[in-house]
$ cat input.csv   # CSV, C-alpha atoms and all ligand atoms
chain,number,residue,atom,x,y,z
Y,45,MET,CA,-56.1,36.8,28.3
Y,46,LEU,CA,-56.3,33.1,27.8
Y,47,GLY,CA,-57.8,33.4,24.3
Y,48,PRO,CA,-55.2,35.7,22.7
Y,49,GLY,CA,-52.5,33.8,24.7
Y,50,LEU,CA,-53.6,30.6,23.2
Y,51,TYR,CA,-53.9,32.2,19.8
Y,52,SER,CA,-50.5,33.7,19.9
Y,53,ASN,CA,-49.1,30.3,21.1
Y,54,ARG,CA,-50.8,28.6,18.2
Y,55,ALA,CA,-49.5,31.3,15.9
Y,56,LYS,CA,-46.1,30.7,17.2
Y,57,GLU,CA,-46.5,27.0,16.8
Y,58,GLY,CA,-47.8,27.6,13.3
Y,59,GLY,CA,-44.7,29.7,12.6
Y,60,ASN,CA,-42.5,27.0,14.0
Y,61,ALA,CA,-44.2,24.5,11.8
Y,62,VAL,CA,-43.6,26.7,8.7
Y,63,ARG,CA,-40.0,27.2,9.6
Y,64,SER,CA,-39.5,23.5,10.2
Y,65,ASN,CA,-41.2,22.8,6.9
Y,66,ILE,CA,-38.8,25.2,5.1
Y,67,LEU,CA,-35.9,23.5,7.0
Y,68,MET,CA,-37.2,20.1,5.8
Y,69,LEU,CA,-37.6,21.4,2.2
Y,70,SER,CA,-34.1,22.8,2.1
Y,71,LEU,CA,-32.7,19.6,3.7
Y,72,PHE,CA,-34.6,17.6,1.0
Y,73,ALA,CA,-33.2,19.9,-1.7
Y,74,ALA,CA,-29.7,19.4,-0.4
Y,75,VAL,CA,-30.1,15.6,-0.3
Y,76,ALA,CA,-31.6,15.6,-3.7
Y,77,ALA,CA,-28.8,17.7,-5.1
Y,78,ALA,CA,-26.3,15.3,-3.5
Y,79,ILE,CA,-28.0,12.3,-5.1
Y,80,VAL,CA,-28.0,14.0,-8.5
Y,81,ILE,CA,-24.3,14.8,-8.2
Y,82,SER,CA,-23.4,11.3,-7.1
Y,83,THR,CA,-25.5,9.6,-9.8
Y,84,ASP,CA,-24.3,11.9,-12.6
Y,85,PRO,CA,-21.7,9.6,-14.1
Y,86,LEU,CA,-24.3,6.7,-14.2
Y,87,PRO,CA,-25.9,7.5,-17.5
Y,88,GLN,CA,-22.4,7.5,-19.1
Y,89,MET,CA,-21.5,4.2,-17.6
Y,90,ALA,CA,-24.8,2.7,-18.7
Y,91,ALA,CA,-24.2,4.0,-22.2
Y,92,ALA,CA,-20.7,2.5,-22.2
Y,93,THR,CA,-22.0,-0.9,-21.0
Y,94,ALA,CA,-24.7,-0.9,-23.7
Y,95,ALA,CA,-22.2,0.0,-26.4
Y,96,ASP,CA,-19.6,-2.5,-25.3
Y,97,PRO,CA,-20.8,-5.7,-23.6
Y,98,THR,CA,-17.2,-6.5,-22.6
Y,99,ALA,CA,-16.8,-3.4,-20.6
Y,100,THR,CA,-15.8,-4.2,-17.0
Y,101,PRO,CA,-15.6,-2.2,-13.8
Y,102,ARG,CA,-12.5,-0.2,-13.4
Y,103,LYS,CA,-11.0,-2.5,-10.7
Y,104,ALA,CA,-11.1,-5.5,-13.1
Y,105,ALA,CA,-9.7,-3.4,-15.9
Y,106,ALA,CA,-6.7,-2.4,-13.7
Y,107,ALA,CA,-5.9,-6.0,-12.8
Y,108,ARG,CA,-5.8,-7.0,-16.5
Y,109,PRO,CA,-6.6,-4.8,-19.4
Y,110,VAL,CA,-10.0,-5.3,-21.0
Y,111,GLU,CA,-8.4,-5.9,-24.4
Y,112,ASN,CA,-6.5,-8.9,-23.2
Y,113,ARG,CA,-9.3,-10.8,-21.5
Y,114,LEU,CA,-8.6,-14.4,-22.4
Y,115,ASP,CA,-11.1,-16.7,-24.0
Y,116,LEU,CA,-10.0,-20.1,-22.7
Y,117,THR,CA,-11.9,-22.3,-25.1
Y,118,ASP,CA,-10.7,-25.8,-26.1
Y,119,ALA,CA,-10.5,-25.8,-29.9
Y,120,GLU,CA,-8.1,-26.3,-32.8
Y,121,PHE,CA,-6.4,-23.2,-34.0
Y,122,ASP,CA,-8.6,-21.7,-36.8
Y,123,GLY,CA,-5.7,-20.0,-38.6
Y,124,VAL,CA,-6.7,-16.5,-37.6
Y,125,ALA,CA,-3.4,-15.1,-36.1
Y,126,ILE,CA,-3.2,-12.5,-33.4
Y,127,ASP,CA,-0.5,-10.0,-34.5
Y,128,ARG,CA,0.0,-7.2,-32.0
Y,129,PRO,CA,2.8,-4.6,-31.9
Y,130,ASP,CA,5.4,-5.2,-29.3
Y,131,ALA,CA,4.4,-2.0,-27.3
Y,132,GLU,CA,0.8,-3.4,-27.1
Y,133,TRP,CA,2.0,-6.7,-25.7
Y,134,LYS,CA,4.1,-4.8,-23.2
Y,135,ARG,CA,1.0,-3.0,-22.0
Y,136,LEU,CA,-1.2,-6.1,-22.0
Y,137,LEU,CA,1.0,-8.6,-20.3
Y,138,THR,CA,2.6,-8.7,-16.8
Y,139,ALA,CA,6.3,-8.1,-16.7
Y,140,ASP,CA,7.0,-11.9,-16.3
Y,141,GLU,CA,4.6,-12.8,-19.1
Y,142,TYR,CA,6.2,-10.2,-21.4
Y,143,TYR,CA,9.7,-11.4,-20.7
Y,144,ILE,CA,8.9,-15.1,-21.4
Y,145,LEU,CA,6.3,-14.9,-24.1
Y,146,ARG,CA,7.7,-11.9,-26.1
Y,147,ARG,CA,11.4,-12.0,-25.2
Y,148,GLN,CA,12.0,-15.8,-25.3
Y,149,GLY,CA,12.7,-15.7,-21.6
Y,150,THR,CA,12.9,-18.7,-19.3
Y,151,GLU,CA,11.5,-18.8,-15.7
Y,152,ARG,CA,13.7,-20.2,-13.0
Y,153,PRO,CA,13.0,-23.9,-12.5
Y,154,PHE,CA,10.6,-25.0,-9.6
Y,155,THR,CA,9.2,-21.5,-9.4
Y,156,GLY,CA,6.1,-21.8,-11.7
Y,157,ALA,CA,2.7,-22.1,-10.2
Y,158,LEU,CA,1.6,-24.8,-12.6
Y,159,THR,CA,4.7,-27.1,-12.5
Y,160,GLU,CA,3.2,-29.3,-9.8
Y,161,ASN,CA,-0.4,-28.9,-10.9
Y,162,LYS,CA,-2.0,-32.3,-11.2
Y,163,LYS,CA,-5.6,-31.3,-11.7
Y,164,ASP,CA,-7.7,-32.2,-14.7
Y,165,GLY,CA,-8.1,-29.5,-17.2
Y,166,THR,CA,-6.5,-27.6,-20.1
Y,167,TYR,CA,-3.5,-25.4,-20.4
Y,168,HIS,CA,-3.9,-22.2,-22.5
Y,169,CYS,CA,-1.6,-19.6,-23.9
Y,170,ALA,CA,-1.3,-16.8,-21.3
Y,171,ALA,CA,-1.1,-14.2,-24.0
Y,172,CYS,CA,-4.0,-15.2,-26.2
Y,173,GLY,CA,-6.0,-18.0,-24.5
Y,174,LEU,CA,-5.5,-20.6,-27.2
Y,175,VAL,CA,-5.5,-24.2,-25.8
Y,176,LEU,CA,-2.0,-25.7,-26.0
Y,177,PHE,CA,-1.9,-28.8,-23.7
Y,178,ARG,CA,-4.1,-31.1,-21.7
Y,179,SER,CA,-3.7,-32.5,-18.2
Y,180,LYS,CA,-3.7,-36.1,-19.5
Y,181,ALA,CA,-0.4,-35.5,-21.4
Y,182,LYS,CA,1.3,-33.8,-18.4
Y,183,PHE,CA,3.9,-35.7,-16.6
Y,184,ASP,CA,6.5,-35.1,-13.8
Y,185,SER,CA,9.8,-34.7,-15.6
Y,186,GLY,CA,11.6,-33.6,-12.5
Y,187,THR,CA,13.1,-30.6,-14.4
Y,188,GLY,CA,11.1,-27.9,-12.5
Y,189,TRP,CA,9.0,-26.9,-15.5
Y,190,PRO,CA,5.6,-28.1,-16.6
Y,191,SER,CA,6.1,-31.0,-19.0
Y,192,PHE,CA,3.8,-32.6,-21.5
Y,193,TYR,CA,4.3,-35.5,-24.0
Y,194,GLU,CA,2.0,-34.0,-26.6
Y,195,ALA,CA,0.2,-30.8,-27.6
Y,196,ALA,CA,-3.6,-30.5,-27.4
Y,197,TYR,CA,-3.6,-30.0,-31.2
Y,198,LYS,CA,-0.6,-30.1,-33.5
Y,199,ALA,CA,-2.0,-27.0,-35.3
Y,200,ASN,CA,-2.0,-25.0,-32.0
Y,201,ILE,CA,1.8,-24.9,-31.7
Y,202,ILE,CA,4.7,-24.0,-33.9
Y,203,GLU,CA,8.1,-25.8,-33.5
Y,204,LYS,CA,11.2,-24.0,-34.8
Y,205,GLU,CA,14.9,-24.4,-34.7
Y,206,ASP,CA,16.6,-22.3,-31.9
Y,207,ARG,CA,20.3,-21.7,-32.0
Y,208,SER,CA,20.4,-19.1,-29.2
Y,209,LEU,CA,22.6,-21.3,-27.0
Y,210,PRO,CA,26.1,-21.7,-28.3
Y,211,GLY,CA,26.8,-25.3,-29.4
Y,212,GLU,CA,23.3,-26.4,-28.9
Y,213,VAL,CA,20.4,-26.7,-31.4
Y,214,ARG,CA,17.1,-26.8,-29.6
Y,215,THR,CA,13.5,-26.8,-30.9
Y,216,GLU,CA,11.6,-23.8,-29.7
Y,217,VAL,CA,7.8,-24.1,-29.1
Y,218,GLU,CA,5.5,-21.1,-29.9
Y,219,CYS,CA,1.8,-20.5,-29.7
Y,220,ALA,CA,0.5,-20.8,-33.3
Y,221,ARG,CA,-2.0,-17.9,-32.8
Y,222,CYS,CA,0.1,-15.1,-31.2
Y,223,LYS,CA,3.6,-16.5,-31.8
Y,224,GLY,CA,4.3,-16.2,-28.0
Y,225,HIS,CA,7.3,-18.2,-26.8
Y,226,LEU,CA,6.3,-21.1,-24.6
Y,227,GLY,CA,9.4,-23.2,-24.1
Y,228,HIS,CA,11.2,-26.1,-26.0
Y,229,VAL,CA,10.5,-29.6,-27.0
Y,230,PHE,CA,13.0,-32.4,-26.5
Y,231,ASP,CA,13.0,-36.1,-27.6
Y,232,ASP,CA,13.6,-37.6,-24.1
Y,233,GLY,CA,10.0,-37.8,-23.1
Y,234,PRO,CA,7.8,-40.7,-22.1
Y,235,GLU,CA,5.7,-42.9,-24.3
Y,236,PRO,CA,3.5,-42.8,-26.3
Y,237,THR,CA,5.3,-40.0,-28.1
Y,238,GLY,CA,8.8,-39.9,-26.6
Y,239,LEU,CA,8.6,-36.1,-26.5
Y,240,ARG,CA,9.0,-33.7,-23.7
Y,241,TYR,CA,7.4,-30.3,-24.1
Y,242,CYS,CA,9.2,-28.2,-21.5
Y,243,ILE,CA,7.0,-25.2,-21.0
Y,244,ASN,CA,7.2,-22.1,-18.9
Y,245,SER,CA,4.5,-22.0,-16.3
Y,246,VAL,CA,4.2,-18.2,-16.7
Y,247,ALA,CA,3.3,-18.8,-20.4
Y,248,LEU,CA,0.3,-20.9,-19.4
Y,249,LYS,CA,-3.2,-20.3,-18.0
Y,250,PHE,CA,-4.8,-23.4,-16.5
Y,251,LYS,CA,-8.5,-24.0,-16.9
Y,252,PRO,CA,-9.9,-26.7,-14.6
Y,253,GLY,CA,-12.0,-29.4,-16.3
Y,254,LYS,CA,-15.7,-30.0,-15.6
A,301,ZN,ZN,-1.0,-17.3,-27.9
$ encode --input "input.csv" --output "structure tokens" --more "lines below"
Ligand SMILES: [Zn+2]
Amino acid sequence: MLGPGLYSNRAKEGGNAVRSNILMLSLFAAVAAAIVISTDPLPQMAAATAADPTATPRKAAAARPVENRLDLTDAEFDGVAIDRPDAEWKRLLTADEYYILRRQGTERPFTGALTENKKDGTYHCAACGLVLFRSKAKFDSGTGWPSFYEAAYKANIIEKEDRSLPGEVRTEVECARCKGHLGHVFDDGPEPTGLRYCINSVALKFKPGK
């Protein structure tokens, strides 16, 4: 009685082992399938990254479109203009940036993030990244807008007559590369130039110096 009993117990155990092996296998298959499903988009992403080195994760793309990633280099304008249709600027810029840079808007005084900025560095066009001003030429004008007595390079800005206010002729300042509106220049600034470039903070991106 003992023998067959043992045998049958072993057979049962054997059966259990087979069943648990099958269970393990199907579990493994399910896990493997889940992995395959979850990693399916990876080859496409890898391909996109390989094809376009500027590709960024979706989160970063949502914060600022890939096409408008700014190259904040300090160099004189090379003469190669950036000319985008208005609809594209509208898509690339924030609402405030679009209003000021593309619609000749003006931010309310004392509201700009860079008005009181006293750090060493360079100020670039918020639309195209071209360097416009340097911290060494920044001064406290008390007007509520970032103020500079000279541009980083003369070639990087365009100055033109602005008669948009009745009875007043002002000199508008634009970015030479993308023609974005920056602000105005007045002749009541400090030495050595006597100029006051009165610039919208929203139109600028600050890059700290090294
Ligand atoms: Zn620009």
$ closest_atom_pairs --input "input.csv" --of "chain Y" --to "ligand ZN 301 (chain A)" --cutoff "9 Å" --atoms "all atoms listed in the file" --output "JSON lines"
{"residue": "Y:Ala125", "atom": "CA", "partner": "A:ZN301", "partner_atom": "ZN", "distance": 8.8}
{"residue": "Y:Ile126", "atom": "CA", "partner": "A:ZN301", "partner_atom": "ZN", "distance": 7.6}
{"residue": "Y:Leu145", "atom": "CA", "partner": "A:ZN301", "partner_atom": "ZN", "distance": 8.6}
{"residue": "Y:His168", "atom": "CA", "partner": "A:ZN301", "partner_atom": "ZN", "distance": 7.8}
{"residue": "Y:Cys169", "atom": "CA", "partner": "A:ZN301", "partner_atom": "ZN", "distance": 4.7}
{"residue": "Y:Ala170", "atom": "CA", "partner": "A:ZN301", "partner_atom": "ZN", "distance": 6.6}
{"residue": "Y:Ala171", "atom": "CA", "partner": "A:ZN301", "partner_atom": "ZN", "distance": 5.0}
{"residue": "Y:Cys172", "atom": "CA", "partner": "A:ZN301", "partner_atom": "ZN", "distance": 4.0}
{"residue": "Y:Gly173", "atom": "CA", "partner": "A:ZN301", "partner_atom": "ZN", "distance": 6.1}
{"residue": "Y:Leu174", "atom": "CA", "partner": "A:ZN301", "partner_atom": "ZN", "distance": 5.6}
{"residue": "Y:Val175", "atom": "CA", "partner": "A:ZN301", "partner_atom": "ZN", "distance": 8.5}
{"residue": "Y:Leu176", "atom": "CA", "partner": "A:ZN301", "partner_atom": "ZN", "distance": 8.7}
{"residue": "Y:Asn200", "atom": "CA", "partner": "A:ZN301", "partner_atom": "ZN", "distance": 8.8}
{"residue": "Y:Ile201", "atom": "CA", "partner": "A:ZN301", "partner_atom": "ZN", "distance": 8.9}
{"residue": "Y:Glu218", "atom": "CA", "partner": "A:ZN301", "partner_atom": "ZN", "distance": 7.8}
{"residue": "Y:Cys219", "atom": "CA", "partner": "A:ZN301", "partner_atom": "ZN", "distance": 4.6}
{"residue": "Y:Ala220", "atom": "CA", "partner": "A:ZN301", "partner_atom": "ZN", "distance": 6.6}
{"residue": "Y:Arg221", "atom": "CA", "partner": "A:ZN301", "partner_atom": "ZN", "distance": 5.0}
{"residue": "Y:Cys222", "atom": "CA", "partner": "A:ZN301", "partner_atom": "ZN", "distance": 4.1}
{"residue": "Y:Lys223", "atom": "CA", "partner": "A:ZN301", "partner_atom": "ZN", "distance": 6.1}
{"residue": "Y:Gly224", "atom": "CA", "partner": "A:ZN301", "partner_atom": "ZN", "distance": 5.4}
{"residue": "Y:His225", "atom": "CA", "partner": "A:ZN301", "partner_atom": "ZN", "distance": 8.4}
{"residue": "Y:Leu226", "atom": "CA", "partner": "A:ZN301", "partner_atom": "ZN", "distance": 8.9}
{"residue": "Y:Ala247", "atom": "CA", "partner": "A:ZN301", "partner_atom": "ZN", "distance": 8.8}
$ write_last_selection --input "input.csv" --atoms "C-alpha atoms" --output "PDB file, keeping the file's coordinate frame"
ATOM      1  CA  ALA Y 125      -3.400 -15.100 -36.100  1.00  0.00           C
ATOM      2  CA  ILE Y 126      -3.200 -12.500 -33.400  1.00  0.00           C
ATOM      3  CA  LEU Y 145       6.300 -14.900 -24.100  1.00  0.00           C
ATOM      4  CA  HIS Y 168      -3.900 -22.200 -22.500  1.00  0.00           C
ATOM      5  CA  CYS Y 169      -1.600 -19.600 -23.900  1.00  0.00           C
ATOM      6  CA  ALA Y 170      -1.300 -16.800 -21.300  1.00  0.00           C
ATOM      7  CA  ALA Y 171      -1.100 -14.200 -24.000  1.00  0.00           C
ATOM      8  CA  CYS Y 172      -4.000 -15.200 -26.200  1.00  0.00           C
ATOM      9  CA  GLY Y 173      -6.000 -18.000 -24.500  1.00  0.00           C
ATOM     10  CA  LEU Y 174      -5.500 -20.600 -27.200  1.00  0.00           C
ATOM     11  CA  VAL Y 175      -5.500 -24.200 -25.800  1.00  0.00           C
ATOM     12  CA  LEU Y 176      -2.000 -25.700 -26.000  1.00  0.00           C
ATOM     13  CA  ASN Y 200      -2.000 -25.000 -32.000  1.00  0.00           C
ATOM     14  CA  ILE Y 201       1.800 -24.900 -31.700  1.00  0.00           C
ATOM     15  CA  GLU Y 218       5.500 -21.100 -29.900  1.00  0.00           C
ATOM     16  CA  CYS Y 219       1.800 -20.500 -29.700  1.00  0.00           C
ATOM     17  CA  ALA Y 220       0.500 -20.800 -33.300  1.00  0.00           C
ATOM     18  CA  ARG Y 221      -2.000 -17.900 -32.800  1.00  0.00           C
ATOM     19  CA  CYS Y 222       0.100 -15.100 -31.200  1.00  0.00           C
ATOM     20  CA  LYS Y 223       3.600 -16.500 -31.800  1.00  0.00           C
ATOM     21  CA  GLY Y 224       4.300 -16.200 -28.000  1.00  0.00           C
ATOM     22  CA  HIS Y 225       7.300 -18.200 -26.800  1.00  0.00           C
ATOM     23  CA  LEU Y 226       6.300 -21.100 -24.600  1.00  0.00           C
ATOM     24  CA  ALA Y 247       3.300 -18.800 -20.400  1.00  0.00           C
TER      25      ALA Y 247
END
$ closest_residue --input "input.csv" --among "Y:Ala181, Y:Thr166, Y:Gln148, Y:Pro252" --to "Glu216 in chain Y" --atoms "only C-alpha atoms"
Y:Gln148
$ residues_around --input "input.csv" --residues "Gly188 in chain Y" --least-positions-apart "3" --cutoff "9 Å" --atoms "all atoms listed in the file" --output "PyMOL selection string"
chain Y and resi 152-156+159-160+184-185+191
$ atom_distance --input "input.csv" --atom1 "CA of Ala157 in chain Y" --atom2 "CA of Glu141 in chain Y"
13.0 Å
$ residues_around --input "input.csv" --residues "Glu194 in chain Y" --least-positions-apart "6" --cutoff "10 Å" --atoms "all atoms listed in the file" --output "ChimeraX atom specification"
/Y:176-178,180-182,229,233-241
$ atom_distance --input "input.csv" --atom1 "CA of Lys254 in chain Y" --atom2 "CA of Ala196 in chain Y"
16.9 Å
$ residues_around --input "input.csv" --residues "Ala199 in chain Y" --least-positions-apart "3" --cutoff "8 Å" --atoms "all atoms listed in the file" --output "ChimeraX atom specification"
/Y:120-121,202,220
$ write_last_selection --input "input.csv" --atoms "C-alpha atoms" --output "CSV table (one decimal), keeping the file's coordinate frame"
chain,number,residue,atom,x,y,z
Y,120,GLU,CA,-8.1,-26.3,-32.8
Y,121,PHE,CA,-6.4,-23.2,-34.0
Y,202,ILE,CA,4.7,-24.0,-33.9
Y,220,ALA,CA,0.5,-20.8,-33.3
$ atom_distance --input "input.csv" --atom1 "CA of Pro190 in chain Y" --atom2 "CA of Pro129 in chain Y"
28.2 Å
$ closest_residue --input "input.csv" --among "Y:Thr150, Y:Phe192, Y:Arg207, Y:Phe230" --to "Tyr167 in chain Y" --atoms "all atoms listed in the file"
Y:Phe192
$ closest_residue --input "input.csv" --among "Y:Arg113, Y:Ala119, Y:Gly165, Y:Pro210" --to "Lys198 in chain Y" --atoms "all atoms listed in the file"
Y:Ala119
